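I have placed the structure first, in the form of structure tokens, so that the comments after it can refer back to it.
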Amino acid sequence: MSLEDLQAGRCIAHVDLDAFYVQVELKQHPSLIGKPTAVVQYNPNGDLSTLRPDEERIFNRSNGSLIAVGYEARAKGVKRGMRGDEARKACPDLNLVQVPVAHGKADLTLYRACGKQVLGILARLSIAERASIDECYLDISEEAKKRMAACAGHPPLPVNLEQVHVCGEEGEGAAEAWWHRPVGVWAPGQRLLACGAAVVAELRAAVSRELGFSCSAGIAHNKILAKLASGMHKPSQQTVVTLDCVPGLMGALPIPKLRQLGGKFGEEVMAALGISTVGELAAVPLRRLEAVCGQDDAMWLHRLSRGIDDEEVKERQLPKSISCGKTFRGHTALKDFPAVHKWLGELASELEERISADREENERSPGLLTVGMWGEGGPGTSGGSVSRSCPLRRPESALMAADALKLIKRWAAERPGWAITSLYMTASNFSSAPTGASTITRFLKPRLGSPLPATSAPGQQQQPTILRSPTPSSSGQLVQSASRHSKEPPGPSMAPSAAEQQPEELSMQQGQQALTADSASGVLVAAAALQQAPESALQADVQPSSTASVAAEGVVSDGVKCSNYGESSGRNLGHGDGAQVDAAAVAGKQDQAGCSLDAPLLLQCTEEEIDPEVLAALPADIQRELRLAQMMARRPPPTAAEAPRGRPLPRAKQSAQSAKRARHGRPGRGTAPITDFYRRTPG
DNA sequence: TCACGATACAAA
DNA sequence: GTTTGTATC
Ligand SMILES: Nc1ccn([C@H]2C[C@H](O)[C@@H](COP(=O)(O)OP(=O)(O)OP(=O)(O)O)O2)c(=O)n1
Ligand SMILES: [Mg+2]
């Protein structure tokens, strides 16, 4: 692939709905169409009464925070994040629609559903990556190339041309004139983007016609520029950013305007280099960038400052996790267990509803439950955040809430005067939850509940769970990697990870009391899991030693006893900041492995769960696969590797890694000669 | 190179 | 304020 291909070979679109929640609410409340409107979220605190999506929710005197602002209100200076009172000062006739409320918290179901409808249309011609509830990226290179091949050098005019802009060609009729340029002056990349713009104009028209939503879009050769472009003309417009307009566009652009540079990393880079614009960044020699941040980040910045970005559009329309949370600020902070349990119950029941609906729609189910919180200790104790994960076998609210309460109790136990300021629960690690009758899962004892009746879900191919692991899923929604969680059978999943990574306040969990409790509960739950007992791991409690002793007699999997499960449970043995691997912990891990810890997903179906007669009756290759899988499950864990730590440098959280994976070229190759990059065109 | 859990950061 | 994705160690 040539350099031209890398920099100008793709056509990427970023599509962003205009004032999305407001548009959704205008559909619900047509009387507000054309009027200044915003969507507010107020914290109902103790009030559990609901506000349904289909009822009237106009509360013009609300003092809640604005989370979406319509364009009429923006024109009056109303901004996101304002409170109702402040917003009315700027716009006295502002209409406010309250977000639906269920389980005593904001309920975003309506917006998720609308976002999904939009994505369904936008993904008709290409792969699509859901970037947020109202944004996506499309890689329309192939569709654009088709049209380019058919256009005889003259890219087709987009529909709704008055909504179309070309960066650097400002003014009335400028876009049309650009399209009508003579054949000879078009660069190939420009034709590609022009054809892509015609595609995007049609997609936007379809969204408008079929759903009544307006959106804006950017069309460029990569994600970063497409995202930048989509924000250039709003609402209900689209903008093409060609390669040649990059210097003029980005030279004076503030660094924080670029995706991934809007936070601490961007701040640190600007401070370290004493710069503030992308043009200044492009003038910094690569060596100096490397001295200021890591080599990968330096290269990523170097290329980005020239408008180069190879990150691919991922094919993924579904969220990878489902989470819900709630904050309890100031005097509403939770200070007793009944209150905590009540809210965990509310969160868990919302989670259950959403997991259930997601399973019906998408034929998948989550394998990992994470519960977390932010809190403040009493006087003399520390606060901070804590989270713990465990296998999620049966997503039932009572179980999940009970699981979650264990974390809170442990955390609170040594913090007299504790107060919780936020709680959240997340379900993740999805895998397919087949509904058909023709899969191998018929032969297994039920784990996730009884199979659903066979129904088809358009666009989401399914594979029998047990056969899935070597095959990539069609659009990245299902886990492809080895295991959905490592605690299989589930252990005391609230146990600490490597103690040296934990804040001081968690260190008690290394102590004898926690160890004993963990050990007992690990056995307890291991036994329960093999019998499909309802517990999930977080339920392992510190109290019922009698129950534990019942199980202690010998939970065996593959002939390996799991009774010391708790001794290593939750420790991070793989690597880390010089974590010491002690022999006992390794032994414990191997025991867990014997219980199929670290097993690829397909191995979660251990022989214990398959009727031996049925196993014998299975096709030979399936039998082989199962046995191979179990063998791999017994691999010992890797030993810890010391990783020397350098001095702290600014670190990008994401993008440099993406760039690395995309295998871009080396410094100097493919980048324009340099310090005067932004002088090619006056900025 | 991977896997994993807990955490941090960035964004809508 | 309520989410979601992706990074590090
Ligand atoms: N901090 C934020 C930002 C956004 N949103 C929600 C409400 C928005 O309507 C939706 C989309 O976010 P955008 O940033 O795309 O903003 P809008 O779509 O509202 O406006 P724009 O027309 O600028 O895209 O996500 C939110 O809940 N909290
Ligand atoms: Mg938007």
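Each chain in the structure tokens gets a letter, A, B and so on, in the order shown; residues start at 1 in every chain, and ligands are counted from 1 in the order they appear.
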- Query: Which chains and residue numbers are within 7 Å of ligand 1, counting only C-alpha atoms (C1' of nucleotides) and all ligand atoms, if I want them as a VMD selection string?
  - Reply: (chain A and resid 16 to 22 67 to 69 133 to 135 234 to 235) or (chain B and resid 12) or (chain C and resid 2)
Residues near DA11 of chain B, anyone? I mean within 12 Å using only C-alpha atoms (C1' of nucleotides), not counting same-chain ones fewer than 6 positions away, as a CSV table (one decimal) with N, CA and C atoms (P, O5', C5', C4', C3', O3' and C1' of nucleotides), in the first residue's frame.
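See out.csv below for the written result:
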```csv
chain,number,residue,atom,x,y,z
A,131,ALA,N,-19.6,5.4,18.2
A,131,ALA,CA,-18.7,6.1,19.0
A,131,ALA,C,-19.3,6.7,20.2
A,132,SER,N,-20.6,6.8,20.2
A,132,SER,CA,-21.3,7.3,21.4
A,132,SER,C,-22.8,7.1,21.1
A,133,ILE,N,-23.6,7.5,22.0
A,133,ILE,CA,-25.0,7.4,21.8
A,133,ILE,C,-25.5,8.1,20.6
A,135,GLU,N,-23.1,9.4,18.0
A,135,GLU,CA,-22.1,9.6,17.0
A,135,GLU,C,-21.6,8.3,16.4
A,258,LEU,N,-8.4,18.8,19.1
A,258,LEU,CA,-8.2,17.4,18.5
A,258,LEU,C,-8.6,16.4,19.5
A,259,ARG,N,-9.3,15.4,19.0
A,259,ARG,CA,-9.7,14.2,19.8
A,259,ARG,C,-8.5,13.6,20.5
A,260,GLN,N,-8.7,13.4,21.7
A,260,GLN,CA,-7.6,12.8,22.6
A,260,GLN,C,-6.7,13.8,23.2
A,261,LEU,N,-6.8,15.0,22.7
A,261,LEU,CA,-5.9,16.1,23.2
A,261,LEU,C,-6.6,17.1,24.1
A,262,GLY,N,-7.9,16.8,24.4
A,262,GLY,CA,-8.7,17.7,25.2
A,262,GLY,C,-8.5,17.6,26.7
A,263,GLY,N,-7.7,16.7,27.1
A,263,GLY,CA,-7.5,16.5,28.6
A,263,GLY,C,-6.2,16.8,29.1
A,654,GLN,N,-4.8,6.6,24.8
A,654,GLN,CA,-5.3,5.7,23.8
A,654,GLN,C,-4.6,5.8,22.5
C,3,DT,P,-27.0,5.6,33.9
C,3,DT,O5',-25.5,5.3,33.6
C,3,DT,C5',-25.1,4.6,32.5
C,3,DT,C4',-24.7,5.4,31.3
C,3,DT,C3',-23.8,4.6,30.4
C,3,DT,O3',-24.5,4.1,29.4
C,3,DT,C1',-23.0,6.9,30.7
C,4,DT,P,-24.2,2.6,28.9
C,4,DT,O5',-22.7,2.8,28.3
C,4,DT,C5',-22.6,3.1,26.9
C,4,DT,C4',-21.2,3.4,26.6
C,4,DT,C3',-20.2,2.3,26.6
C,4,DT,O3',-20.0,1.8,25.3
C,4,DT,C1',-19.2,4.3,27.4
C,5,DG,P,-18.9,0.6,25.0
C,5,DG,O5',-17.6,1.4,24.8
C,5,DG,C5',-17.4,2.4,23.8
C,5,DG,C4',-16.0,2.8,23.7
C,5,DG,C3',-15.0,1.6,23.7
C,5,DG,O3',-14.0,1.8,22.7
C,5,DG,C1',-14.5,3.0,25.5
C,6,DT,P,-13.0,0.7,22.3
C,6,DT,O5',-11.7,1.2,23.1
C,6,DT,C5',-11.1,2.5,22.8
C,6,DT,C4',-10.0,2.7,23.7
C,6,DT,C3',-9.0,1.6,23.9
C,6,DT,O3',-7.7,2.1,23.7
C,6,DT,C1',-9.7,2.3,26.0
```
- Message: Distance limit 7 Å, atoms considered: only C-alpha atoms (C1' of nucleotides). Which chain B residues sit that close to chain A? Return them as an MDAnalysis selection string.
- Response: chainID B and resid 4:6 9:10 12
Residues just named, written with all heavy atoms as a compact mmCIF listing (two decimals), in the first residue's frame:
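For reference, result-v7.txt as written:
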```
# COMPACT_ATOMS: atom_id res chain seq x y z
P DC B 4 -8.94 -13.58 30.02
OP1 DC B 4 -9.81 -14.73 30.31
OP2 DC B 4 -9.30 -12.60 28.98
O5' DC B 4 -8.69 -12.77 31.37
C5' DC B 4 -8.20 -13.47 32.52
C4' DC B 4 -7.78 -12.46 33.54
O4' DC B 4 -6.57 -11.81 33.11
C3' DC B 4 -8.77 -11.32 33.76
O3' DC B 4 -9.59 -11.65 34.86
C2' DC B 4 -7.89 -10.12 34.05
C1' DC B 4 -6.47 -10.64 33.87
N1 DC B 4 -5.56 -9.69 33.17
C2 DC B 4 -4.43 -9.19 33.84
O2 DC B 4 -4.22 -9.55 35.00
N3 DC B 4 -3.62 -8.32 33.19
C4 DC B 4 -3.89 -7.96 31.94
N4 DC B 4 -3.06 -7.12 31.36
C5 DC B 4 -5.03 -8.45 31.24
C6 DC B 4 -5.85 -9.31 31.89
P DG B 5 -10.76 -10.73 35.32
OP1 DG B 5 -11.71 -11.59 36.04
OP2 DG B 5 -11.19 -9.92 34.17
O5' DG B 5 -10.08 -9.75 36.37
C5' DG B 5 -9.54 -10.29 37.56
C4' DG B 5 -9.11 -9.14 38.46
O4' DG B 5 -8.05 -8.41 37.81
C3' DG B 5 -10.20 -8.12 38.75
O3' DG B 5 -10.00 -7.70 40.09
C2' DG B 5 -9.95 -7.00 37.76
C1' DG B 5 -8.43 -7.06 37.62
N9 DG B 5 -7.88 -6.67 36.31
C8 DG B 5 -8.37 -7.01 35.07
N7 DG B 5 -7.65 -6.55 34.10
C5 DG B 5 -6.62 -5.86 34.72
C6 DG B 5 -5.53 -5.15 34.18
O6 DG B 5 -5.25 -4.97 32.99
N1 DG B 5 -4.73 -4.60 35.17
C2 DG B 5 -4.94 -4.73 36.52
N2 DG B 5 -4.07 -4.12 37.32
N3 DG B 5 -5.96 -5.39 37.04
C4 DG B 5 -6.75 -5.93 36.09
P DA B 6 -10.97 -6.73 40.78
OP1 DA B 6 -11.02 -7.13 42.19
OP2 DA B 6 -12.19 -6.65 39.97
O5' DA B 6 -10.22 -5.32 40.70
C5' DA B 6 -9.09 -5.11 41.55
C4' DA B 6 -8.50 -3.75 41.23
O4' DA B 6 -8.03 -3.75 39.87
C3' DA B 6 -9.46 -2.57 41.37
O3' DA B 6 -8.83 -1.61 42.20
C2' DA B 6 -9.66 -2.08 39.94
C1' DA B 6 -8.36 -2.51 39.28
N9 DA B 6 -8.47 -2.72 37.84
C8 DA B 6 -9.44 -3.42 37.17
N7 DA B 6 -9.27 -3.44 35.86
C5 DA B 6 -8.10 -2.71 35.67
C6 DA B 6 -7.39 -2.35 34.52
N6 DA B 6 -7.75 -2.70 33.29
N1 DA B 6 -6.27 -1.62 34.67
C2 DA B 6 -5.90 -1.26 35.90
N3 DA B 6 -6.49 -1.53 37.06
C4 DA B 6 -7.60 -2.26 36.88
P DC B 9 -5.67 10.20 35.87
OP1 DC B 9 -4.34 10.82 35.85
OP2 DC B 9 -6.74 10.68 36.78
O5' DC B 9 -6.25 10.24 34.39
C5' DC B 9 -5.43 9.74 33.34
C4' DC B 9 -6.26 9.70 32.08
O4' DC B 9 -7.31 8.74 32.24
C3' DC B 9 -6.93 11.04 31.72
O3' DC B 9 -6.45 11.34 30.42
C2' DC B 9 -8.43 10.72 31.76
C1' DC B 9 -8.43 9.22 31.52
N1 DC B 9 -9.59 8.44 32.00
C2 DC B 9 -10.28 7.61 31.11
O2 DC B 9 -9.91 7.58 29.94
N3 DC B 9 -11.33 6.90 31.56
C4 DC B 9 -11.70 6.95 32.84
N4 DC B 9 -12.74 6.22 33.23
C5 DC B 9 -10.99 7.79 33.77
C6 DC B 9 -9.95 8.51 33.32
P DA B 10 -6.71 12.75 29.75
OP1 DA B 10 -5.53 13.06 28.93
OP2 DA B 10 -7.17 13.67 30.79
O5' DA B 10 -7.94 12.46 28.78
C5' DA B 10 -7.76 11.59 27.65
C4' DA B 10 -9.09 11.46 26.96
O4' DA B 10 -9.93 10.59 27.75
C3' DA B 10 -9.86 12.77 26.81
O3' DA B 10 -10.05 13.02 25.42
C2' DA B 10 -11.17 12.56 27.56
C1' DA B 10 -11.26 11.04 27.65
N9 DA B 10 -11.98 10.55 28.82
C8 DA B 10 -11.82 10.92 30.12
N7 DA B 10 -12.62 10.30 30.96
C5 DA B 10 -13.37 9.47 30.15
C6 DA B 10 -14.40 8.55 30.42
N6 DA B 10 -14.88 8.31 31.65
N1 DA B 10 -14.93 7.87 29.38
C2 DA B 10 -14.46 8.11 28.15
N3 DA B 10 -13.49 8.95 27.76
C4 DA B 10 -12.99 9.60 28.83
P DA B 12 -16.82 14.47 22.60
OP1 DA B 12 -16.93 14.75 21.18
OP2 DA B 12 -16.83 15.57 23.60
O5' DA B 12 -17.97 13.47 23.04
C5' DA B 12 -18.35 12.42 22.16
C4' DA B 12 -19.66 11.86 22.65
O4' DA B 12 -19.58 11.55 24.07
C3' DA B 12 -20.84 12.81 22.50
O3' DA B 12 -21.97 12.05 22.14
C2' DA B 12 -21.02 13.40 23.89
C1' DA B 12 -20.61 12.23 24.78
N9 DA B 12 -20.09 12.63 26.08
C8 DA B 12 -19.03 13.44 26.35
N7 DA B 12 -18.79 13.61 27.63
C5 DA B 12 -19.78 12.84 28.24
C6 DA B 12 -20.08 12.58 29.59
N6 DA B 12 -19.41 13.10 30.61
N1 DA B 12 -21.13 11.76 29.85
C2 DA B 12 -21.81 11.24 28.82
N3 DA B 12 -21.62 11.41 27.51
C4 DA B 12 -20.56 12.23 27.29
```
- Using only C-alpha atoms (C1' of nucleotides), determine which residues lie at most 9 Å from DG1 of chain C, disregarding the query and same-chain residues fewer than 5 positions distant; provide the list as a list of chain:residue names. A:Gln41, A:Tyr42, A:Asn43, A:Ser65, A:Ile67, A:Ala106, A:Lys326, A:Thr327
Using N, CA and C atoms, can you export the residues from the last selection as a compact mmCIF listing (two decimals), in the first residue's frame?
```txt
# COMPACT_ATOMS: atom_id res chain seq x y z
N GLN A 41 -31.51 17.30 33.62
CA GLN A 41 -31.44 16.14 34.47
C GLN A 41 -31.39 16.70 35.87
N TYR A 42 -32.35 16.35 36.70
CA TYR A 42 -32.21 16.76 38.09
C TYR A 42 -32.10 15.49 38.90
N ASN A 43 -31.33 15.56 39.96
CA ASN A 43 -31.12 14.38 40.78
C ASN A 43 -32.32 14.22 41.69
N SER A 65 -29.57 20.40 35.86
CA SER A 65 -28.48 20.73 34.92
C SER A 65 -28.89 20.41 33.50
N ILE A 67 -28.23 19.02 30.00
CA ILE A 67 -27.29 18.09 29.37
C ILE A 67 -27.37 18.15 27.85
N ALA A 106 -31.92 8.87 36.52
CA ALA A 106 -32.16 9.15 35.10
C ALA A 106 -32.24 7.85 34.32
N LYS A 326 -25.12 5.97 40.08
CA LYS A 326 -25.80 7.13 40.64
C LYS A 326 -24.88 7.80 41.63
N THR A 327 -24.96 9.11 41.65
CA THR A 327 -24.15 9.87 42.60
C THR A 327 -25.01 10.33 43.77
```
- Which residues in segment 88-303 of chain A does DSSP call strand (DSSP E)? List them as an NGL selection string. :A and (95-98 or 101-102 or 105-106 or 127-132 or 135-139 or 164-166 or 215-220 or 238-240)
- Item | Distance of atom CA of Ile355 of chain A from atom CA of Pro434 of chain A, expressed in Å to one decimal place |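 These atoms are spaced 14.7 Å apart.
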